[in-house]
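K.L.:
Below is the file coords_18.cif, which contains mmCIF, C-alpha atoms.
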```cif
data_my_file
loop_
_atom_site.label_atom_id
_atom_site.label_comp_id
_atom_site.auth_asym_id
_atom_site.auth_seq_id
_atom_site.Cartn_x
_atom_site.Cartn_y
_atom_site.Cartn_z
CA MET A 237 10.80 -26.55 -14.74
CA LEU A 238 8.15 -25.98 -12.10
CA SER A 239 4.66 -26.98 -13.04
CA THR A 240 1.76 -24.79 -12.05
CA LYS A 241 -1.82 -25.81 -11.33
CA LYS A 242 -4.63 -23.44 -11.97
CA ILE A 243 -7.31 -23.29 -9.27
CA LYS A 244 -10.73 -22.56 -10.61
CA ALA A 245 -12.64 -20.11 -8.40
CA SER A 246 -16.29 -20.75 -7.79
CA PRO A 247 -18.38 -18.28 -9.74
CA GLN A 248 -20.36 -15.58 -7.91
CA SER A 249 -23.52 -14.16 -9.29
CA PRO A 250 -23.76 -10.38 -9.78
CA THR A 251 -26.39 -10.30 -7.03
CA GLN A 252 -24.02 -11.93 -4.54
CA LEU A 253 -21.22 -9.55 -5.48
CA VAL A 254 -23.46 -6.50 -5.02
CA SER A 255 -24.86 -7.84 -1.73
CA SER A 256 -21.38 -8.57 -0.38
CA SER A 257 -20.00 -5.18 -1.39
CA SER A 258 -23.06 -3.38 0.08
CA ALA A 259 -22.68 -5.20 3.40
CA ASP A 260 -18.97 -4.37 3.50
CA MET A 261 -19.70 -0.74 2.75
CA ILE A 262 -22.29 -0.49 5.56
CA ALA A 263 -20.07 -2.33 8.04
CA SER A 264 -17.18 0.02 7.34
CA ASN A 265 -19.25 3.22 7.51
CA ASP A 266 -20.14 4.16 11.08
CA ASP A 267 -22.59 6.87 10.02
CA ILE A 268 -24.70 4.49 7.91
CA LEU A 269 -24.48 1.70 10.50
CA THR A 270 -25.53 4.05 13.29
CA LEU A 271 -28.54 5.25 11.28
CA ILE A 272 -29.67 1.64 10.86
CA LEU A 273 -29.13 0.80 14.53
CA HIS A 274 -31.05 3.91 15.56
CA ARG A 275 -34.24 2.44 14.08
CA LEU A 276 -34.07 -0.96 15.74
CA PRO A 277 -36.13 -1.83 18.84
CA LEU A 278 -34.28 -1.94 22.14
CA LYS A 279 -34.57 -5.71 22.46
CA SER A 280 -32.75 -6.14 19.14
CA LEU A 281 -30.08 -3.65 20.18
CA LEU A 282 -29.43 -5.60 23.35
CA LYS A 283 -28.69 -8.67 21.22
CA PHE A 284 -26.59 -6.78 18.67
CA LYS A 285 -24.29 -5.48 21.42
CA THR A 286 -22.71 -8.96 21.37
CA VAL A 287 -21.97 -8.99 17.60
CA SER A 288 -18.59 -7.29 17.97
CA LYS A 289 -16.66 -4.85 20.13
CA HIS A 290 -17.17 -2.22 17.43
CA TRP A 291 -20.98 -2.58 17.52
CA LEU A 292 -20.88 -2.57 21.33
CA CYS A 293 -19.01 0.77 21.28
CA LEU A 294 -21.49 2.29 18.83
CA ILE A 295 -24.59 1.19 20.74
CA THR A 296 -23.30 2.11 24.20
CA HIS A 297 -21.79 5.46 23.19
CA PRO A 298 -23.31 8.34 25.26
CA THR A 299 -24.48 10.12 22.08
CA PHE A 300 -26.36 7.09 20.74
CA ARG A 301 -30.13 7.63 20.93
CA PRO A 302 -32.43 4.85 19.64
CA HIS A 303 -35.10 6.14 17.23
CA HIS A 304 -38.14 5.31 19.31
CA ASN A 305 -40.40 6.99 21.84
CA SER A 306 -38.18 7.04 24.92
CA ARG A 307 -41.17 7.97 27.09
CA ALA A 308 -43.48 5.16 25.92
CA ILE A 309 -44.72 3.10 28.88
CA SER A 310 -44.43 -0.63 28.15
CA GLY A 311 -45.98 -1.76 31.42
CA LEU A 312 -46.48 -1.23 35.14
CA PHE A 313 -44.89 -2.94 38.11
CA VAL A 314 -47.33 -3.15 41.02
CA CYS A 315 -46.02 -4.05 44.44
CA ARG A 316 -47.63 -7.04 46.15
CA LEU A 317 -47.71 -7.10 49.94
CA SER A 318 -44.90 -8.90 51.72
CA ASP A 319 -43.65 -8.49 55.27
CA ILE A 320 -40.83 -11.02 55.54
CA THR A 321 -39.22 -11.35 52.10
CA ASN A 322 -38.46 -9.30 49.04
CA PRO A 323 -41.59 -7.57 47.76
CA LYS A 324 -43.18 -9.37 44.82
CA TYR A 325 -44.28 -7.43 41.74
CA ASP A 326 -47.05 -8.15 39.27
CA PHE A 327 -46.39 -6.86 35.75
CA LEU A 328 -49.18 -5.21 33.75
CA ASN A 329 -48.28 -5.32 30.06
CA LEU A 330 -49.54 -2.17 28.29
CA THR A 331 -48.27 -3.03 24.80
CA PRO A 332 -50.38 -4.73 22.09
CA HIS A 333 -48.03 -7.74 21.97
CA SER A 334 -47.25 -10.27 24.66
CA SER A 335 -44.31 -9.46 26.89
CA ARG A 336 -42.57 -11.24 29.74
CA ALA A 337 -42.19 -9.51 33.07
CA PRO A 338 -38.66 -8.10 33.43
CA PHE A 339 -38.65 -9.39 37.02
CA LYS A 340 -40.94 -10.64 39.78
CA SER A 341 -38.72 -9.46 42.62
CA LEU A 342 -35.56 -7.38 42.73
CA THR A 343 -32.53 -9.61 43.15
CA PHE A 344 -29.87 -7.68 41.20
CA ILE A 345 -27.81 -7.51 44.41
CA ASP A 346 -27.81 -9.52 47.62
CA ASP A 347 -29.38 -7.13 50.11
CA PRO A 348 -30.26 -8.98 53.35
CA SER A 349 -33.11 -6.53 53.92
CA GLY A 350 -34.66 -7.14 50.50
CA ILE A 351 -35.20 -4.46 47.86
CA LYS A 352 -38.25 -2.36 46.98
CA ILE A 353 -38.97 0.28 44.33
CA LEU A 354 -39.33 3.87 45.48
CA GLN A 355 -39.83 5.60 42.12
CA SER A 356 -39.65 5.09 38.37
CA CYS A 357 -38.34 7.85 36.11
CA ASN A 358 -37.95 7.59 32.32
CA GLY A 359 -36.59 4.04 32.30
CA LEU A 360 -34.67 4.03 35.58
CA LEU A 361 -35.85 2.76 38.97
CA LEU A 362 -34.87 4.25 42.31
CA CYS A 363 -34.83 1.44 44.87
CA CYS A 364 -33.93 0.96 48.52
CA SER A 365 -33.63 -1.64 51.25
CA PHE A 366 -37.03 -3.11 52.10
CA ARG A 367 -36.75 -4.03 55.77
CA SER A 368 -34.50 -1.41 57.37
CA ASN A 369 -34.80 1.69 59.47
CA ARG A 370 -34.11 5.17 58.19
CA LEU A 371 -30.52 5.20 59.42
CA ASP A 372 -29.20 2.11 57.61
CA THR A 373 -31.21 2.19 54.37
CA THR A 374 -29.22 1.52 51.20
CA TYR A 375 -30.33 3.24 47.99
CA TYR A 376 -29.89 1.93 44.44
CA THR A 377 -30.52 3.04 40.87
CA TYR A 378 -31.45 0.20 38.52
CA ASN A 379 -32.15 -0.13 34.80
CA PRO A 380 -34.50 -3.14 34.34
CA THR A 381 -33.82 -3.18 30.57
CA THR A 382 -30.02 -3.51 30.73
CA LYS A 383 -29.95 -5.06 34.26
CA HIS A 384 -27.28 -2.55 35.32
CA TYR A 385 -27.35 -0.94 38.76
CA THR A 386 -25.46 1.43 41.04
CA VAL A 387 -25.22 1.37 44.84
CA LEU A 388 -25.53 4.96 46.03
CA PRO A 389 -23.45 6.25 48.94
CA PRO A 390 -25.46 7.01 52.09
CA PRO A 391 -26.82 10.56 52.34
CA ARG A 392 -25.01 12.93 54.67
CA HIS A 393 -26.07 13.15 58.33
CA SER A 394 -27.33 9.55 58.40
CA SER A 395 -27.20 9.52 62.18
CA TYR A 396 -29.50 9.62 65.20
CA GLY A 397 -31.87 12.56 65.15
CA TYR A 398 -31.56 13.14 61.39
CA TYR A 399 -34.14 11.47 59.18
CA THR A 400 -34.75 11.13 55.46
CA PHE A 401 -38.32 12.13 54.62
CA GLY A 402 -38.16 11.49 50.89
CA VAL A 403 -35.78 10.52 48.10
CA GLY A 404 -36.57 11.25 44.46
CA LEU A 405 -35.00 10.52 41.08
CA ALA A 406 -34.59 13.24 38.43
CA PHE A 407 -33.72 11.93 34.96
CA ASP A 408 -34.49 13.39 31.53
CA PRO A 409 -32.67 11.43 28.78
CA SER A 410 -33.65 14.04 26.18
CA LYS A 411 -31.43 16.57 27.95
CA SER A 412 -28.64 14.56 29.57
CA PRO A 413 -27.45 10.96 30.00
CA HIS A 414 -26.85 11.73 33.68
CA TYR A 415 -29.35 11.68 36.55
CA LYS A 416 -29.65 13.24 39.98
CA VAL A 417 -31.13 11.93 43.22
CA ILE A 418 -32.78 14.43 45.55
CA CYS A 419 -32.95 13.74 49.29
CA ILE A 420 -35.16 15.67 51.71
CA ARG A 421 -34.02 15.40 55.34
CA ASN A 422 -34.67 17.36 58.51
CA TYR A 423 -32.28 20.24 59.08
CA ASP A 424 -32.27 20.14 62.86
CA PRO A 425 -33.66 17.42 65.16
CA GLU A 426 -35.36 20.11 67.24
CA LEU A 427 -36.97 21.93 64.28
CA LEU A 428 -39.47 19.45 62.84
CA ASP A 429 -40.73 21.70 60.01
CA HIS A 430 -37.27 22.73 58.77
CA TYR A 431 -35.81 20.68 55.91
CA GLN A 432 -32.61 20.49 53.88
CA VAL A 433 -32.15 19.37 50.27
CA GLU A 434 -29.21 17.13 49.39
CA ILE A 435 -28.25 16.14 45.83
CA TYR A 436 -26.38 13.17 44.42
CA SER A 437 -25.25 13.39 40.78
CA SER A 438 -24.32 10.41 38.62
CA LYS A 439 -21.89 12.77 36.86
CA THR A 440 -20.11 14.41 39.81
CA GLY A 441 -20.62 11.83 42.54
CA PRO A 442 -21.02 12.48 46.27
CA TRP A 443 -23.97 13.96 48.13
CA ARG A 444 -23.88 17.69 48.76
CA PRO A 445 -26.28 20.15 50.43
CA SER A 446 -28.24 22.44 48.12
CA GLY A 447 -29.28 25.90 49.20
CA ARG A 448 -30.44 26.98 52.61
CA PRO A 449 -32.91 25.10 54.85
CA PHE A 450 -36.57 25.66 54.05
CA VAL A 451 -39.86 25.42 55.91
CA ALA A 452 -42.64 23.14 54.65
CA PRO A 453 -45.95 21.88 56.07
CA SER A 454 -45.76 18.52 57.83
CA ASN A 455 -48.41 17.02 55.50
CA LEU A 456 -46.30 17.47 52.36
CA GLN A 457 -45.83 14.03 50.79
CA PHE A 458 -42.06 14.01 50.29
CA GLU A 459 -42.09 10.21 49.93
CA ASN A 460 -44.19 10.40 46.73
CA GLY A 461 -42.35 12.94 44.58
CA VAL A 462 -42.93 13.11 40.81
CA PHE A 463 -40.31 14.37 38.34
CA TRP A 464 -41.64 16.46 35.45
CA ASN A 465 -40.38 19.40 33.39
CA GLY A 466 -37.04 19.64 35.18
CA ALA A 467 -38.42 19.59 38.72
CA ILE A 468 -39.58 17.15 41.41
CA HIS A 469 -43.11 17.91 42.60
CA TRP A 470 -44.76 17.12 45.94
CA VAL A 471 -48.41 17.57 46.87
CA SER A 472 -49.90 18.20 50.29
CA ASP A 473 -53.27 17.37 51.82
CA TRP A 474 -53.79 21.07 52.42
CA GLY A 475 -51.73 24.26 52.25
CA ASP A 476 -48.77 24.77 49.94
CA SER A 477 -47.56 22.19 47.44
CA LEU A 478 -43.95 22.49 46.31
CA CYS A 479 -41.54 21.66 43.52
CA PHE A 480 -37.75 21.68 43.40
CA ASP A 481 -36.13 22.89 40.18
CA VAL A 482 -33.23 20.47 39.79
CA GLU A 483 -31.10 22.64 37.49
CA GLU A 484 -31.60 25.97 39.23
CA GLU A 485 -31.78 24.29 42.67
CA GLN A 486 -34.75 26.43 43.71
CA MET A 487 -37.80 25.46 45.77
CA ARG A 488 -41.06 26.93 44.46
CA ASP A 489 -44.75 26.89 45.39
CA ILE A 490 -47.16 25.31 42.91
CA PRO A 491 -50.91 26.10 42.72
CA MET A 492 -53.49 23.38 43.21
CA PRO A 493 -56.96 23.05 41.60
CA SER A 494 -58.88 22.96 44.87
CA GLY A 495 -57.19 25.98 46.46
CA ASP A 496 -54.78 26.29 49.37
CA GLY A 497 -57.41 26.31 52.11
CA ASP A 498 -59.25 23.14 51.18
CA VAL A 499 -58.57 19.58 52.31
CA ARG A 500 -57.60 17.59 49.22
CA LEU A 501 -58.52 13.99 48.45
CA TYR A 502 -56.05 12.72 45.87
CA ARG A 503 -56.67 9.61 43.84
CA TYR A 504 -53.73 10.10 41.47
CA PHE A 505 -50.63 12.26 40.97
CA GLY A 506 -48.13 11.28 38.28
CA GLU A 507 -46.30 11.95 35.02
CA SER A 508 -46.67 10.34 31.61
CA GLY A 509 -45.34 11.35 28.19
CA ASP A 510 -43.90 14.57 29.65
CA HIS A 511 -47.30 15.61 31.05
CA LEU A 512 -48.17 15.99 34.75
CA HIS A 513 -51.63 14.78 35.83
CA LEU A 514 -53.70 15.05 39.00
CA VAL A 515 -57.02 13.48 39.97
CA GLU A 516 -59.12 14.54 42.95
CA VAL A 517 -62.24 12.50 43.75
CA TYR A 518 -64.50 13.64 46.56
CA GLY A 519 -66.84 11.02 48.00
CA SER A 520 -66.71 7.25 47.64
CA ASP A 521 -69.92 7.40 45.61
CA ASN A 522 -68.48 9.67 42.91
CA LEU A 523 -67.87 7.87 39.61
CA GLN A 524 -67.60 11.07 37.57
CA PHE A 525 -64.47 13.19 37.91
CA ASP A 526 -61.91 15.26 35.99
CA VAL A 527 -58.28 14.52 35.16
CA TYR A 528 -56.24 17.70 35.48
CA GLU A 529 -53.05 18.53 33.61
CA MET A 530 -50.54 21.18 34.70
CA GLU A 531 -49.65 24.08 32.43
CA ARG A 532 -46.11 23.92 31.10
CA ASP A 533 -45.14 27.07 33.01
CA ARG A 534 -46.71 25.69 36.23
CA SER A 535 -49.13 28.64 36.39
CA GLY A 536 -52.12 26.38 37.00
CA TRP A 537 -54.12 23.31 36.01
CA PHE A 538 -56.70 22.67 33.30
CA VAL A 539 -59.18 19.83 32.76
CA LYS A 540 -57.62 17.41 30.28
CA TYR A 541 -60.12 14.53 30.45
CA GLN A 542 -63.59 13.95 31.90
CA VAL A 543 -64.30 10.47 33.23
CA ASP A 544 -67.55 8.59 33.82
CA LEU A 545 -67.12 5.17 35.45
CA ASN A 546 -70.81 4.32 35.70
CA PRO A 547 -70.58 1.90 32.72
CA VAL A 548 -67.53 0.30 34.36
CA ALA A 549 -69.45 -0.22 37.61
CA ALA A 550 -72.31 -1.78 35.66
CA ALA A 551 -69.92 -4.20 33.94
CA PHE A 552 -68.00 -5.03 37.12
CA PRO A 553 -70.54 -5.15 39.98
CA GLU A 554 -67.79 -6.15 42.43
CA MET A 555 -66.96 -2.43 42.51
CA VAL A 556 -70.13 -1.80 44.52
CA ARG A 557 -69.38 -1.80 48.25
CA GLY A 558 -72.87 -1.22 49.63
CA TYR A 559 -74.16 2.02 51.07
CA ALA A 560 -72.06 4.86 52.43
CA ASP A 561 -73.54 6.09 55.70
CA PRO A 562 -75.22 8.32 56.56
CA ILE A 563 -76.49 9.54 53.18
CA ASP A 564 -77.49 6.14 51.75
CA LEU A 565 -75.47 6.46 48.56
CA LEU A 566 -73.70 3.52 46.98
CA SER A 567 -69.94 3.54 47.42
CA TYR A 568 -67.50 2.07 44.92
CA ALA A 569 -64.09 0.46 45.20
CA PHE A 570 -61.51 1.60 42.66
CA SER A 571 -58.11 3.24 42.53
CA ILE A 572 -56.16 4.84 39.69
CA LEU A 573 -52.82 3.18 39.01
CA CYS A 574 -51.67 5.27 36.05
CA VAL A 575 -52.76 7.92 33.57
CA VAL A 576 -51.00 7.10 30.28
CA HIS A 577 -50.57 10.00 27.86
CA GLU A 578 -50.02 8.66 24.35
CA GLU A 579 -48.79 10.63 21.32
CA THR A 580 -52.43 11.29 20.38
CA ASP A 581 -55.39 11.87 22.69
CA GLU A 582 -57.25 9.09 20.88
CA GLY A 583 -54.86 6.56 22.37
CA SER A 584 -54.51 7.99 25.87
CA PHE A 585 -55.95 5.88 28.67
CA MET A 586 -56.10 5.19 32.39
CA VAL A 587 -55.26 2.01 34.28
CA LEU A 588 -57.78 1.33 37.05
CA HIS A 589 -57.55 -1.15 39.91
CA LEU A 590 -60.83 -2.83 40.84
CA PRO A 591 -61.12 -5.67 43.37
CA ASN A 592 -58.77 -8.45 42.13
CA LYS A 593 -58.24 -6.99 38.65
CA ALA A 594 -56.93 -4.10 36.56
CA ILE A 595 -58.75 -2.57 33.61
CA ARG A 596 -57.81 -0.18 30.82
CA TYR A 597 -60.14 2.81 30.33
CA ASN A 598 -59.85 4.87 27.13
CA PHE A 599 -60.47 8.61 27.62
CA LYS A 600 -61.60 9.36 24.07
CA ASP A 601 -64.49 6.92 23.69
CA ASN A 602 -64.96 5.72 27.31
CA SER A 603 -64.33 2.13 26.22
CA PHE A 604 -62.70 -0.28 28.67
CA ARG A 605 -61.37 -3.82 28.89
CA LYS A 606 -59.76 -6.07 31.47
CA LEU A 607 -55.98 -5.98 31.56
CA HIS A 608 -54.98 -8.28 34.39
CA ASP A 609 -56.27 -10.58 37.12
CA PHE A 610 -54.49 -10.33 40.45
CA ALA A 611 -53.92 -13.51 42.41
CA PRO A 612 -55.65 -13.47 45.83
CA LEU A 613 -53.38 -11.96 48.43
CA ARG A 614 -53.73 -10.48 51.87
CA SER A 615 -55.48 -7.14 51.47
CA ARG A 616 -54.73 -3.87 53.12
CA VAL A 617 -56.84 -0.79 53.68
CA GLY A 618 -56.98 1.11 50.42
CA VAL A 619 -58.46 4.41 49.33
CA GLY A 620 -61.33 5.46 51.53
CA GLY A 621 -60.75 2.59 53.95
CA ASP A 622 -61.75 -0.14 51.48
CA SER A 623 -59.95 -3.39 52.29
CA SER A 624 -60.82 -4.95 48.91
CA LEU A 625 -58.27 -2.75 47.13
CA GLU A 626 -54.65 -3.80 47.32
CA PHE A 627 -52.97 -0.99 45.35
CA GLU A 628 -52.98 2.78 45.17
CA TYR A 629 -51.28 5.00 42.61
CA PHE A 630 -48.00 5.10 44.55
CA ASP A 631 -47.81 1.26 44.39
CA ALA A 632 -47.52 1.30 40.56
CA TYR A 633 -44.23 2.00 38.78
CA GLN A 634 -43.79 2.61 35.06
CA PHE A 635 -41.59 0.34 32.94
CA ILE A 636 -39.99 2.24 30.05
CA GLU A 637 -37.42 0.43 27.92
CA SER A 638 -34.17 2.39 28.05
CA PHE A 639 -30.45 2.16 27.39
CA ALA A 640 -29.73 4.74 30.08
CA CYS A 641 -26.56 4.17 32.07
CA VAL A 642 -26.73 4.01 35.84
#
```
Can you present the structure in this file as structure tokens?

P.N.:
Amino acid sequence: MLSTKKIKASPQSPTQLVSSSSADMIASNDDILTLILHRLPLKSLLKFKTVSKHWLCLITHPTFRPHHNSRAISGLFVCRLSDITNPKYDFLNLTPHSSRAPFKSLTFIDDPSGIKILQSCNGLLLCCSFRSNRLDTTYYTYNPTTKHYTVLPPPRHSSYGYYTFGVGLAFDPSKSPHYKVICIRNYDPELLDHYQVEIYSSKTGPWRPSGRPFVAPSNLQFENGVFWNGAIHWVSDWGDSLCFDVEEEQMRDIPMPSGDGDVRLYRYFGESGDHLHLVEVYGSDNLQFDVYEMERDRSGWFVKYQVDLNPVAAAFPEMVRGYADPIDLLSYAFSILCVVHEETDEGSFMVLHLPNKAIRYNFKDNSFRKLHDFAPLRSRVGVGGDSSLEFEYFDAYQFIESFACV
């Protein structure tokens, strides 16, 4: 007769049993698990991608959208001067907690010419070869949060006589997980004011021409395009400013605050929080100016904020650059790196570059504080010919945490 031995199981408390069954229920229910994952910060999601293949599939699925402000700017990359190596970038943290710089230089791929940022757009960076001519430039899209990148094929007509005047990134994660890259090149080597649009799509692939050639003034700043409200916008020093509707593939004129016949002196042109802003400052002695915002239908501009930097100049006397001839008025050294539109106007602010530092200026109460000290570096001529300023607005690139695929 076989003998049997009873094995006594270790007792479990009711709390442990409930906790175990609840965890099993959540782990087996994708809807509940996805709701929980939606509310986690991106840094936690990056770690949880390694828990299991199942969690990886949930988090990286095209329909997964983290429950956070996808347009919130965590910081700014500002490009330091460099002639012989990869450009170096300082990182300006704009969050209330400490944060490490995602990178100091772009080394995600071995490009013998080095890599520089051309544009930031809702979490993605458009980059290109640093030391190369227009004919052999390589373009990249890069997500600094996930560290993923794509090498773009060369635009069409990359040959002698045909030049690329500007390349811009169009990406709106609230509408599509895919992005487009817009290239402006000359249409004919003998017609200098005739241009052609080419489009690369992350969804469909190769470059293709869009529409017929168009005529634009030579002073249009195609190299500094800004994507907002479904279109890439370019400003000019005078005459027409233009935008290209990416979905309808139409080029349109846009009005400017100072009128078509006036020479414009831009200090800032950029997007934040799905709002397009413009700053014009006339005279190096002018510390009071308006920040314009464009109407949603692009019918015109309105004054969003009024700025007075006289208290800033009093607190930071290094802004004073002496007297501006011939009218014997003090001139001041500053540039605007970014206008940051928060969810409420009370929190919206501007990042200013003063000699060797950056400060944060709040629009609501005119308060300000130092954000960053820049290490001494070889200066270049900045706004208004001031060699004490190293950066202008087109040297600053927004860092927005994103899971977007490239």

K.L.:
Taking all atoms listed in the file into account, name the residue in A:Thr286, A:Gln355, A:Thr377, A:Gln486 that is nearest to Glu459 of chain A.

P.N.:
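Using all atoms listed in the file, the shortest distance to Glu459 of chain A belongs to A:Gln355.
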
K.L.:
Write out as a VMD selection string which residues come within 12 Å of Phe525 of chain A when counting only C-alpha atoms, dropping same-chain ones fewer than 6 positions away.

P.N.:
chain A and resid 502 to 504 514 to 519 539 to 546 572 599

K.L.:
Which distance in Å separates atom CA of Cys364 of chain A and atom CA of Val471 of chain A, to one decimal?

P.N.:
22.1 Å

K.L.:
Could you make a table, as CSV, of the residues of segment 321-366 of chain A that have an atom within 12 Å of an atom of segment 506-510 of chain A, each with its nearest atom pair and distance in Å to one decimal, counting all atoms listed in the file, in chain and number order?

P.N.:
```
residue,atom,partner,partner_atom,distance
A:Gln355,CA,A:Gly506,CA,10.8
A:Ser356,CA,A:Glu507,CA,10.1
A:Cys357,CA,A:Glu507,CA,9.0
A:Asn358,CA,A:Ser508,CA,9.2
A:Gly359,CA,A:Ser508,CA,11.9
```

K.L.:
Could you state the separation of atom CA of Cys315 of chain A and atom CA of Asp347 of chain A in Å, given to one decimal place?

P.N.:
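Computing it gives 17.8 Å between the two atoms.
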
K.L.:
Hey, what's within 12 Å of Gly441 of chain A if we count only C-alpha atoms and toss same-chain stuff fewer than 2 positions away? As a list in words, please?

P.N.:
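Using only C-alpha atoms, the neighbours found are Thr386, Val387, Leu388, Pro389, Pro390, Pro391, His414, Tyr415, Lys416, Val417, Ile435, Tyr436, Ser437, Ser438, Lys439, Trp443, Arg444 and Val642 of chain A.
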
K.L.:
The selected residues should be written to file as a PDB file, keeping the file's coordinate frame (atoms: C-alpha atoms).

P.N.:
```pdb
ATOM      1  CA  THR A 386     -25.460   1.430  41.040  1.00  0.00           C
ATOM      2  CA  VAL A 387     -25.220   1.370  44.840  1.00  0.00           C
ATOM      3  CA  LEU A 388     -25.530   4.960  46.030  1.00  0.00           C
ATOM      4  CA  PRO A 389     -23.450   6.250  48.940  1.00  0.00           C
ATOM      5  CA  PRO A 390     -25.460   7.010  52.090  1.00  0.00           C
ATOM      6  CA  PRO A 391     -26.820  10.560  52.340  1.00  0.00           C
ATOM      7  CA  HIS A 414     -26.850  11.730  33.680  1.00  0.00           C
ATOM      8  CA  TYR A 415     -29.350  11.680  36.550  1.00  0.00           C
ATOM      9  CA  LYS A 416     -29.650  13.240  39.980  1.00  0.00           C
ATOM     10  CA  VAL A 417     -31.130  11.930  43.220  1.00  0.00           C
ATOM     11  CA  ILE A 435     -28.250  16.140  45.830  1.00  0.00           C
ATOM     12  CA  TYR A 436     -26.380  13.170  44.420  1.00  0.00           C
ATOM     13  CA  SER A 437     -25.250  13.390  40.780  1.00  0.00           C
ATOM     14  CA  SER A 438     -24.320  10.410  38.620  1.00  0.00           C
ATOM     15  CA  LYS A 439     -21.890  12.770  36.860  1.00  0.00           C
ATOM     16  CA  TRP A 443     -23.970  13.960  48.130  1.00  0.00           C
ATOM     17  CA  ARG A 444     -23.880  17.690  48.760  1.00  0.00           C
ATOM     18  CA  VAL A 642     -26.730   4.010  35.840  1.00  0.00           C
TER      19      VAL A 642
END
```

K.L.:
For atom CA of Val576 of chain A and atom CA of Phe463 of chain A, determine how far apart the two atoms are, in Å to one decimal place.

P.N.:
15.2 Å

K.L.:
Quick one: everything within 7 Å of Leu588 of chain A, counting all atoms listed in the file, minus sequence neighbours fewer than 6 positions away in the same chain. Send it as a VMD selection string.

P.N.:
chain A and resid 570 to 573 594 to 596

K.L.:
Please, which residues are within 12 Å of (-51.9, 25.9, 35.9) by the file's coordinates, counting all atoms listed in the file, and could they come as a PDB file with C-alpha atoms, in the coordinates of the input?

P.N.:
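Just written: out.pdb:
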```
ATOM      1  CA  ASP A 489     -44.750  26.890  45.390  1.00  0.00           C
ATOM      2  CA  ILE A 490     -47.160  25.310  42.910  1.00  0.00           C
ATOM      3  CA  PRO A 491     -50.910  26.100  42.720  1.00  0.00           C
ATOM      4  CA  MET A 492     -53.490  23.380  43.210  1.00  0.00           C
ATOM      5  CA  PRO A 493     -56.960  23.050  41.600  1.00  0.00           C
ATOM      6  CA  SER A 494     -58.880  22.960  44.870  1.00  0.00           C
ATOM      7  CA  GLY A 495     -57.190  25.980  46.460  1.00  0.00           C
ATOM      8  CA  LEU A 512     -48.170  15.990  34.750  1.00  0.00           C
ATOM      9  CA  HIS A 513     -51.630  14.780  35.830  1.00  0.00           C
ATOM     10  CA  LEU A 514     -53.700  15.050  39.000  1.00  0.00           C
ATOM     11  CA  TYR A 528     -56.240  17.700  35.480  1.00  0.00           C
ATOM     12  CA  GLU A 529     -53.050  18.530  33.610  1.00  0.00           C
ATOM     13  CA  MET A 530     -50.540  21.180  34.700  1.00  0.00           C
ATOM     14  CA  GLU A 531     -49.650  24.080  32.430  1.00  0.00           C
ATOM     15  CA  ARG A 532     -46.110  23.920  31.100  1.00  0.00           C
ATOM     16  CA  ASP A 533     -45.140  27.070  33.010  1.00  0.00           C
ATOM     17  CA  ARG A 534     -46.710  25.690  36.230  1.00  0.00           C
ATOM     18  CA  SER A 535     -49.130  28.640  36.390  1.00  0.00           C
ATOM     19  CA  GLY A 536     -52.120  26.380  37.000  1.00  0.00           C
ATOM     20  CA  TRP A 537     -54.120  23.310  36.010  1.00  0.00           C
ATOM     21  CA  PHE A 538     -56.700  22.670  33.300  1.00  0.00           C
ATOM     22  CA  VAL A 539     -59.180  19.830  32.760  1.00  0.00           C
ATOM     23  CA  LYS A 540     -57.620  17.410  30.280  1.00  0.00           C
TER      24      LYS A 540
END
```

K.L.:
Residues picked by the PyMOL selection byres ((chain A and resi 310) around 8) here, as a VMD selection string?

P.N.:
chain A and resid 308 to 309 311 to 312 329 to 331 634 to 637

K.L.:
With distances taken over only C-alpha atoms, which of A:Ile418, A:Phe401, A:Cys479, A:Asn522 is nearest to Asn455 of chain A?

P.N.:
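Comparing A:Ile418, A:Phe401, A:Cys479, A:Asn522 against Asn455 of chain A, the winner is A:Phe401.
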
K.L.:
Once the PyMOL selection byres ((chain A and resi 425) around 9) is applied to the coordinates I shared, what remains selected? I want it as a PyMOL selection string.

P.N.:
chain A and resi 396-399+422-424+426-428
